[in-house]
Structure formats: C-alpha cells, structure tokens
$ cat final-v1.cif   # mmCIF, C-alpha atoms
data_data
#
loop_
_atom_site.group_PDB
_atom_site.id
_atom_site.type_symbol
_atom_site.label_atom_id
_atom_site.label_comp_id
_atom_site.auth_asym_id
_atom_site.auth_seq_id
_atom_site.Cartn_x
_atom_site.Cartn_y
_atom_site.Cartn_z
ATOM 1 C CA MET A 16 408.852 139.475 211.905
ATOM 2 C CA LEU A 17 405.926 138.196 213.978
ATOM 3 C CA ILE A 18 402.830 140.408 214.263
ATOM 4 C CA LEU A 19 399.746 139.998 216.417
ATOM 5 C CA ALA A 20 396.839 141.574 214.529
ATOM 6 C CA ILE A 21 393.499 142.431 216.149
ATOM 7 C CA ASP A 22 390.313 143.787 214.598
ATOM 8 C CA THR A 23 386.893 144.376 216.153
ATOM 9 C CA SER A 24 385.419 146.842 213.659
ATOM 10 C CA ALA A 25 382.673 144.300 212.856
ATOM 11 C CA VAL A 26 383.348 140.808 214.229
ATOM 12 C CA ALA A 27 386.085 140.014 216.762
ATOM 13 C CA SER A 28 389.179 138.525 215.130
ATOM 14 C CA ALA A 29 392.887 138.102 215.773
ATOM 15 C CA ALA A 30 395.795 136.552 213.896
ATOM 16 C CA LEU A 31 399.487 135.795 214.218
ATOM 17 C CA VAL A 32 401.204 136.757 210.998
ATOM 18 C CA SER A 33 404.839 135.964 210.330
ATOM 19 C CA SER A 34 407.234 136.521 207.462
ATOM 20 C CA GLU A 35 408.448 132.949 208.083
ATOM 21 C CA ALA A 36 405.054 131.189 208.173
ATOM 22 C CA PRO A 37 403.565 129.508 205.085
ATOM 23 C CA GLY A 38 401.233 132.039 203.495
ATOM 24 C CA SER A 39 402.323 134.496 206.203
ATOM 25 C CA VAL A 40 399.649 133.282 208.674
ATOM 26 C CA LEU A 41 400.730 131.298 211.728
ATOM 27 C CA ALA A 42 397.355 131.179 213.504
ATOM 28 C CA SER A 43 394.023 133.008 213.529
ATOM 29 C CA PHE A 44 390.539 133.070 214.978
ATOM 30 C CA SER A 45 387.350 134.953 214.152
ATOM 31 C CA THR A 46 383.806 135.060 215.488
ATOM 32 C CA GLU A 47 380.560 135.597 213.602
ATOM 33 C CA ASP A 48 378.916 137.647 216.362
ATOM 34 C CA THR A 49 379.138 141.431 215.968
ATOM 35 C CA ARG A 50 378.094 142.191 219.573
ATOM 36 C CA SER A 51 380.243 140.102 221.963
ATOM 37 C CA HIS A 52 383.745 141.460 221.381
ATOM 38 C CA ALA A 53 384.649 142.119 225.010
ATOM 39 C CA GLU A 54 383.627 138.621 226.080
ATOM 40 C CA VAL A 55 385.418 136.616 223.388
ATOM 41 C CA LEU A 56 388.468 138.617 222.323
ATOM 42 C CA ALA A 57 390.892 138.163 225.244
ATOM 43 C CA PRO A 58 390.153 134.421 225.723
ATOM 44 C CA GLY A 59 390.399 133.909 221.969
ATOM 45 C CA ILE A 60 393.816 135.586 221.786
ATOM 46 C CA GLU A 61 395.067 133.629 224.796
ATOM 47 C CA GLU A 62 393.967 130.324 223.266
ATOM 48 C CA MET A 63 395.434 131.245 219.861
ATOM 49 C CA LEU A 64 398.829 132.152 221.352
ATOM 50 C CA ALA A 65 398.925 128.958 223.399
ATOM 51 C CA GLY A 66 398.005 126.822 220.410
ATOM 52 C CA ALA A 67 400.776 128.398 218.340
ATOM 53 C CA GLY A 68 403.325 128.081 221.163
ATOM 54 C CA VAL A 69 403.853 131.844 221.174
ATOM 55 C CA THR A 70 404.245 134.279 224.070
ATOM 56 C CA GLY A 71 404.269 138.057 224.205
ATOM 57 C CA ASN A 72 408.078 137.972 224.194
ATOM 58 C CA ASP A 73 407.993 136.358 220.742
ATOM 59 C CA VAL A 74 405.811 139.063 219.176
ATOM 60 C CA ASP A 75 407.690 141.850 217.386
ATOM 61 C CA ALA A 76 404.759 144.255 216.990
ATOM 62 C CA LEU A 77 400.995 144.547 217.235
ATOM 63 C CA VAL A 78 398.601 146.020 214.696
ATOM 64 C CA VAL A 79 394.992 146.924 215.378
ATOM 65 C CA GLY A 80 392.167 147.838 213.053
ATOM 66 C CA VAL A 81 391.181 151.415 213.870
ATOM 67 C CA GLY A 82 387.860 151.280 212.059
ATOM 68 C CA PRO A 83 385.627 152.705 211.014
ATOM 69 C CA GLY A 84 383.218 150.752 213.190
ATOM 70 C CA PRO A 85 380.668 151.002 215.998
ATOM 71 C CA PHE A 86 381.967 152.746 219.117
ATOM 72 C CA THR A 87 381.725 149.877 221.619
ATOM 73 C CA GLY A 88 383.063 147.099 219.431
ATOM 74 C CA LEU A 89 385.937 149.136 218.032
ATOM 75 C CA ARG A 90 386.939 150.318 221.501
ATOM 76 C CA SER A 91 387.223 146.697 222.725
ATOM 77 C CA GLY A 92 389.868 145.781 220.142
ATOM 78 C CA ILE A 93 391.876 148.977 220.495
ATOM 79 C CA ALA A 94 391.875 148.816 224.299
ATOM 80 C CA THR A 95 393.019 145.180 224.192
ATOM 81 C CA ALA A 96 395.799 145.943 221.700
ATOM 82 C CA ARG A 97 397.009 148.941 223.714
ATOM 83 C CA THR A 98 397.051 146.897 226.921
ATOM 84 C CA LEU A 99 399.013 144.013 225.390
ATOM 85 C CA ALA A 100 401.489 146.385 223.725
ATOM 86 C CA PHE A 101 402.080 148.131 227.052
ATOM 87 C CA VAL A 102 402.457 144.920 229.077
ATOM 88 C CA TRP A 103 404.738 143.274 226.509
ATOM 89 C CA GLY A 104 406.676 146.456 225.721
ATOM 90 C CA LYS A 105 406.031 146.119 221.980
ATOM 91 C CA PRO A 106 405.253 148.728 219.296
ATOM 92 C CA LEU A 107 401.609 149.168 218.313
ATOM 93 C CA HIS A 108 400.441 150.240 214.854
ATOM 94 C CA GLY A 109 397.029 151.053 213.434
ATOM 95 C CA LEU A 110 395.508 150.249 210.060
ATOM 96 C CA VAL A 111 392.172 151.136 208.487
ATOM 97 C CA SER A 112 390.004 148.061 209.016
ATOM 98 C CA LEU A 113 388.582 148.243 205.496
ATOM 99 C CA ASP A 114 392.146 147.704 204.187
ATOM 100 C CA ALA A 115 391.861 144.110 205.395
ATOM 101 C CA MET A 116 388.964 143.353 203.097
ATOM 102 C CA ALA A 117 390.587 145.281 200.263
ATOM 103 C CA LEU A 118 393.535 142.870 200.478
ATOM 104 C CA GLU A 119 391.171 139.901 200.579
ATOM 105 C CA VAL A 120 389.562 141.185 197.375
ATOM 106 C CA ALA A 121 392.981 141.773 195.786
ATOM 107 C CA GLU A 122 394.007 138.163 196.471
ATOM 108 C CA SER A 123 390.777 136.728 195.051
ATOM 109 C CA ALA A 124 389.597 135.898 191.546
ATOM 110 C CA ALA A 125 387.073 138.730 191.905
ATOM 111 C CA ALA A 126 389.742 141.452 191.928
ATOM 112 C CA VAL A 127 389.104 144.480 189.694
ATOM 113 C CA PRO A 128 391.189 147.644 189.093
ATOM 114 C CA GLU A 129 388.895 149.877 191.174
ATOM 115 C CA PHE A 130 386.315 148.906 193.774
ATOM 116 C CA LEU A 131 384.529 149.774 197.004
ATOM 117 C CA VAL A 132 384.653 148.050 200.382
ATOM 118 C CA ALA A 133 381.579 148.519 202.564
ATOM 119 C CA THR A 134 380.549 147.354 206.042
ATOM 120 C CA ASP A 135 377.310 147.847 207.939
ATOM 121 C CA ALA A 136 377.180 151.134 209.855
ATOM 122 C CA ARG A 137 373.551 150.589 210.941
ATOM 123 C CA ARG A 138 371.039 153.480 210.731
ATOM 124 C CA LYS A 139 370.616 152.386 207.084
ATOM 125 C CA GLU A 140 374.190 153.542 206.338
ATOM 126 C CA VAL A 141 377.505 151.912 205.449
ATOM 127 C CA TYR A 142 381.144 152.561 206.254
ATOM 128 C CA TRP A 143 382.999 152.554 202.956
ATOM 129 C CA ALA A 144 386.203 153.377 201.101
ATOM 130 C CA ARG A 145 387.351 153.294 197.487
ATOM 131 C CA TYR A 146 390.468 151.335 196.458
ATOM 132 C CA SER A 147 392.565 150.820 193.343
ATOM 133 C CA LEU A 148 394.772 147.903 192.370
ATOM 134 C CA ALA A 149 397.944 147.638 190.326
ATOM 135 C CA ASP A 150 399.599 144.357 189.360
ATOM 136 C CA GLY A 151 401.668 142.924 192.178
ATOM 137 C CA ARG A 152 400.957 145.775 194.576
ATOM 138 C CA LEU A 153 398.894 146.232 197.707
ATOM 139 C CA PRO A 154 395.489 147.911 197.387
ATOM 140 C CA VAL A 155 395.697 151.709 197.466
ATOM 141 C CA LEU A 156 393.167 153.668 199.495
ATOM 142 C CA GLU A 157 391.940 156.345 197.086
ATOM 143 C CA ASP A 158 389.022 157.820 199.018
ATOM 144 C CA GLY A 159 387.591 157.430 202.517
ATOM 145 C CA PRO A 160 386.749 155.996 204.828
ATOM 146 C CA HIS A 161 383.298 157.589 204.986
ATOM 147 C CA VAL A 162 379.870 156.836 206.426
ATOM 148 C CA SER A 163 377.005 157.352 203.965
ATOM 149 C CA PHE A 164 373.720 156.000 202.696
ATOM 150 C CA ALA A 165 374.331 153.185 200.208
ATOM 151 C CA ALA A 166 372.574 155.073 197.406
ATOM 152 C CA ASP A 167 375.164 157.859 197.677
ATOM 153 C CA LEU A 168 378.221 155.672 196.978
ATOM 154 C CA PRO A 169 380.169 155.753 193.685
ATOM 155 C CA ASP A 170 379.003 153.442 190.900
ATOM 156 C CA LEU A 171 381.700 150.764 191.312
ATOM 157 C CA PRO A 172 381.833 147.058 192.205
ATOM 158 C CA ALA A 173 381.283 146.784 195.961
ATOM 159 C CA PHE A 174 382.558 144.139 198.375
ATOM 160 C CA GLY A 175 381.642 143.337 201.958
ATOM 161 C CA ALA A 176 378.667 142.771 204.226
ATOM 162 C CA GLY A 177 377.605 146.402 203.876
ATOM 163 C CA ALA A 178 377.342 145.972 200.115
ATOM 164 C CA GLY A 179 375.461 142.706 200.518
ATOM 165 C CA LEU A 180 373.004 144.335 202.894
ATOM 166 C CA TYR A 181 372.127 146.981 200.292
ATOM 167 C CA ALA A 182 372.580 144.958 197.122
ATOM 168 C CA ASP A 183 369.650 146.773 195.520
ATOM 169 C CA ALA A 184 371.602 150.054 195.656
ATOM 170 C CA LEU A 185 375.154 148.768 195.132
ATOM 171 C CA LYS A 186 376.985 146.533 192.674
ATOM 172 C CA ALA A 187 377.525 143.967 195.412
ATOM 173 C CA HIS A 188 379.755 140.991 194.578
ATOM 174 C CA PRO A 189 377.856 137.865 195.668
ATOM 175 C CA ASP A 190 380.967 136.032 196.899
ATOM 176 C CA PHE A 191 381.672 138.838 199.388
ATOM 177 C CA ALA A 192 378.113 139.697 200.407
ATOM 178 C CA GLN A 193 378.672 138.435 203.981
ATOM 179 C CA GLU A 194 382.374 139.235 204.410
ATOM 180 C CA GLN A 195 383.672 141.346 207.278
ATOM 181 C CA PRO A 196 387.163 142.781 207.903
ATOM 182 C CA ASP A 197 389.372 140.036 209.330
ATOM 183 C CA ALA A 198 392.555 140.392 211.384
ATOM 184 C CA LEU A 199 394.172 137.720 209.217
ATOM 185 C CA TYR A 200 394.251 140.058 206.211
ATOM 186 C CA LEU A 201 394.872 143.084 208.397
ATOM 187 C CA GLY A 202 398.042 141.419 209.676
ATOM 188 C CA LYS A 203 399.163 140.406 206.189
ATOM 189 C CA PHE A 204 398.657 143.963 204.946
ATOM 190 C CA ALA A 205 400.592 145.414 207.899
ATOM 191 C CA LEU A 206 403.415 142.895 207.525
ATOM 192 C CA ALA A 207 403.852 143.771 203.842
ATOM 193 C CA ARG A 208 403.850 147.501 204.614
ATOM 194 C CA LEU A 209 406.335 147.215 207.479
ATOM 195 C CA GLU A 210 408.713 144.955 205.552
ATOM 196 C CA ALA A 211 408.628 147.476 202.683
ATOM 197 C CA GLY A 212 409.584 150.234 205.120
ATOM 198 C CA SER A 213 406.207 151.985 204.812
ATOM 199 C CA GLY A 214 404.614 153.691 207.769
ATOM 200 C CA LEU A 215 401.316 152.752 209.406
ATOM 201 C CA LEU A 216 398.818 154.705 211.495
ATOM 202 C CA ASP A 217 398.722 155.038 215.263
ATOM 203 C CA SER A 218 395.900 153.442 217.264
ATOM 204 C CA THR A 219 393.550 156.448 217.219
ATOM 205 C CA PRO A 220 390.061 155.093 216.399
ATOM 206 C CA LEU A 221 388.086 156.181 213.338
ATOM 207 C CA TYR A 222 384.602 156.430 214.802
ATOM 208 C CA LEU A 223 383.306 158.797 212.053
ATOM 209 C CA ARG A 224 380.300 159.626 214.212
ATOM 210 C CA GLU A 225 379.490 160.008 217.895
ATOM 211 C CA SER A 226 378.479 157.146 220.164
ATOM 212 C CA ASP A 227 374.745 156.599 220.669
ATOM 213 C CA ALA A 228 375.393 156.760 224.411
ATOM 214 C CA GLN A 229 375.850 160.340 225.572
ATOM 215 C CA VAL A 230 376.866 161.748 228.949
ATOM 216 C CA PRO A 231 373.871 163.592 230.438
ATOM 217 C CA GLY A 232 374.238 167.336 230.861
ATOM 218 C CA PRO A 233 374.080 169.036 234.246
ATOM 219 C CA ARG A 234 370.677 168.877 235.914
ATOM 220 C CA LYS A 235 368.811 172.115 236.377
ATOM 221 C CA ARG A 236 368.108 173.045 239.940
ATOM 222 C CA ALA A 237 364.455 173.410 240.839
ATOM 223 C CA LEU A 238 363.411 176.919 241.849
#
$ encode --input "final-v1.cif" --output "structure tokens"
Amino acid sequence: MLILAIDTSAVASAALVSSEAPGSVLASFSTEDTRSHAEVLAPGIEEMLAGAGVTGNDVDALVVGVGPGPFTGLRSGIATARTLAFVWGKPLHGLVSLDAMALEVAESAAAVPEFLVATDARRKEVYWARYSLADGRLPVLEDGPHVSFAADLPDLPAFGAGAGLYADALKAHPDFAQEQPDALYLGKFALARLEAGSGLLDSTPLYLRESDAQVPGPRKRAL
C-alpha cells in the first residue's frame, strides 16, 4: 500500500509512505515556516512525487492531518488533499495531527506510558491531547484534542513545540521542545491502522475555535 500523507496543522509537510519501503517512508518533505503553506505545499508535493518516480495512479490512498490547527494553515492542507483525491480518484482519510507526534514519541527513547502532545495555538494557548502507550502498539488517544492555557493541562510529560513554548508551566521534554506534527509520522500511523483493518476519520477539520477573520454583518441603513 502506498499512501500520500499531508499535514499543515503547524508546518507544511508531506510524505510518501509504503508498506514496501525501508522504514515505511519512501520520500518526504517539511518546511519550518508556519505561515506559507499555500505557497509551498503543492510545489513541494509535485517535486517529492517526481523525485520518487511516483504518479497519482500509483497512490492507493491519501491521508490528511485534520488538526487541530490554525484555520488558514489547516485549510490549505485539507483543500489540497481533497483536490488530489478527487482528481486521482483515490480514497481520502483523516487523522488527528497530534497523532503524528505521538507516534514520533512512541518510537523514541523518550517514550513513557502516558504523556501529552502540545502545539502552539497562539493567544497564549496550546492544542493538546493525552496519549497512552502499550508495548508494541500504536499510541492510544485517551483525551482530546483540546485548546487550553498551558497551566490548565494535566501534570504529565509533555512533548511538542507547544510544550517547549510554555516549559515553565509544563513538563516539557527538551528533545521535543521544537517539534511539530509531521506528515511522515502521520502517514506511518495511518498505514499501520489501515493494514490492521482499523478505521480512520474523514477529512472534516478540527478547528476547535472560530477563525479570527469574520464575515461582516449586514450594514444598517441610515435613516
């Protein structure tokens, strides 16, 4: 099975994940900028596919991170994934973006039985979820995702750029203090779930709060 994974919940990233590739990952790319998703995502995917010698016909399914994340950035990834799935005639699945980092934690030496994943939600808040681990199994989402002030989170080890940003309030792991959800791990998580016969989400975004940009109400007529 060959999956194209896309995530723009924080940075823009994409990956080709295959059950036949070494370590499951055939190709990937990721930016460090959290504000240029629309400009870099489509060219990055095109270049990645070309470099791997892959076309849309070769892809079996797409998976997209559905957040939580900022409205504009998250929308860019989901819109791109929906468009490619429609043009290629391929199934599209969704996955909580924080699951990607949970898998990265699970595969690292820093793994613990229960932990938090947190990303920056701005407004002095974080997007977060609580996970548990069992030997040889994928991380299990136990609670969330939520958006909260860092001081209100459970007292557990915390991983991700959101934890690093508020290290004074959270038990932030230093090796993950700058980490963001990455499509590479999102794709690996989705591949494992699909091959096990487990279901995934649809592509409905998890915004958790309204966009800062609001449609103006009707203007009052002057008397």
$ residues_around --input "final-v1.cif" --residues "A:Arg224" --least-positions-apart "5" --cutoff "9 Å" --atoms "only C-alpha atoms" --output "count of residues only"
3
$ residues_around --input "final-v1.cif" --residues "A:Leu56" --least-positions-apart "2" --cutoff "12 Å" --atoms "only C-alpha atoms" --output "number ranges by chain"
A: 20-23, 26-30, 43-46, 48-54, 58-63, 88-96, 198
$ closest_residue --input "final-v1.cif" --among "A:Lys186, A:Arg97, A:Arg208, A:Arg152" --to "A:Leu168" --atoms "only C-alpha atoms"
A:Lys186
$ closest_residue --input "final-v1.cif" --among "A:Val81, A:Leu19, A:Val141, A:Leu41" --to "A:Leu99" --atoms "all atoms listed in the file"
A:Leu19
$ residues_around --input "final-v1.cif" --residues "A:Ala178" --least-positions-apart "2" --cutoff "10 Å" --atoms "all atoms listed in the file" --output "ChimeraX atom specification"
/A:131-135,141-143,165,172-176,180-189,191-194
$ write_last_selection --input "final-v1.cif" --atoms "C-alpha atoms" --output "short mmCIF file (atom, residue, chain, number, x, y, z; two decimals), in the frame of the given file"
data_model
loop_
_atom_site.label_atom_id
_atom_site.label_comp_id
_atom_site.auth_asym_id
_atom_site.auth_seq_id
_atom_site.Cartn_x
_atom_site.Cartn_y
_atom_site.Cartn_z
CA LEU A 131 384.53 149.77 197.00
CA VAL A 132 384.65 148.05 200.38
CA ALA A 133 381.58 148.52 202.56
CA THR A 134 380.55 147.35 206.04
CA ASP A 135 377.31 147.85 207.94
CA VAL A 141 377.50 151.91 205.45
CA TYR A 142 381.14 152.56 206.25
CA TRP A 143 383.00 152.55 202.96
CA ALA A 165 374.33 153.18 200.21
CA PRO A 172 381.83 147.06 192.20
CA ALA A 173 381.28 146.78 195.96
CA PHE A 174 382.56 144.14 198.38
CA GLY A 175 381.64 143.34 201.96
CA ALA A 176 378.67 142.77 204.23
CA LEU A 180 373.00 144.34 202.89
CA TYR A 181 372.13 146.98 200.29
CA ALA A 182 372.58 144.96 197.12
CA ASP A 183 369.65 146.77 195.52
CA ALA A 184 371.60 150.05 195.66
CA LEU A 185 375.15 148.77 195.13
CA LYS A 186 376.98 146.53 192.67
CA ALA A 187 377.52 143.97 195.41
CA HIS A 188 379.76 140.99 194.58
CA PRO A 189 377.86 137.86 195.67
CA PHE A 191 381.67 138.84 199.39
CA ALA A 192 378.11 139.70 200.41
CA GLN A 193 378.67 138.44 203.98
CA GLU A 194 382.37 139.24 204.41
#
$ closest_residue --input "final-v1.cif" --among "A:Leu223, A:Asp114, A:Ser24, A:His108" --to "A:Ser163" --atoms "only C-alpha atoms"
A:Leu223
$ atom_distance --input "final-v1.cif" --atom1 "atom CA of A:Tyr200" --atom2 "atom CA of A:Ala115"
4.8 Å
$ closest_residue --input "final-v1.cif" --among "A:Leu206, A:Ile18, A:Ala36, A:Ala144" --to "A:Ala76" --atoms "only C-alpha atoms"
A:Ile18
$ atom_distance --input "final-v1.cif" --atom1 "atom CA of A:Ser33" --atom2 "atom CA of A:Gly214"
17.9 Å
$ atom_distance --input "final-v1.cif" --atom1 "atom CA of A:Thr87" --atom2 "atom CA of A:Tyr222"
9.9 Å
$ closest_residue --input "final-v1.cif" --among "A:Ala67, A:Leu221, A:Met116, A:Ala126" --to "A:Leu199" --atoms "all atoms listed in the file"
A:Met116
$ closest_residue --input "final-v1.cif" --among "A:Pro106, A:Gly66, A:Gly179, A:Pro154" --to "A:Leu118" --atoms "all atoms listed in the file"
A:Pro154
$ residues_around --input "final-v1.cif" --residues "A:Leu153" --least-positions-apart "4" --cutoff "8 Å" --atoms "all atoms listed in the file" --output "list in words"
Leu118, Ala121, Leu148, Ala149 and Phe204 of chain A
$ residues_around --input "final-v1.cif" --residues "stretch 37-39 of chain A" --least-positions-apart "3" --cutoff "9 Å" --atoms "all atoms listed in the file" --output "PDB file with C-alpha atoms, keeping the file's coordinate frame"
ATOM      1  CA  LEU A  31     399.487 135.795 214.218  1.00  0.00           C
ATOM      2  CA  VAL A  32     401.204 136.757 210.998  1.00  0.00           C
ATOM      3  CA  SER A  33     404.839 135.964 210.330  1.00  0.00           C
ATOM      4  CA  SER A  34     407.234 136.521 207.462  1.00  0.00           C
ATOM      5  CA  GLY A 202     398.042 141.419 209.676  1.00  0.00           C
ATOM      6  CA  LYS A 203     399.163 140.406 206.189  1.00  0.00           C
ATOM      7  CA  LEU A 206     403.415 142.895 207.525  1.00  0.00           C
TER       8      LEU A 206
END
$ resolve_selection --input "final-v1.cif" --expression "the PyMOL selection byres ((chain A and resi 74) around 9)" --output "list in words"
Met16, Leu17, Ile18, Leu19, Leu31, Val69, Thr70, Gly71, Asn72, Asp73, Asp75, Ala76, Leu77, Trp103 and Lys105 of chain A
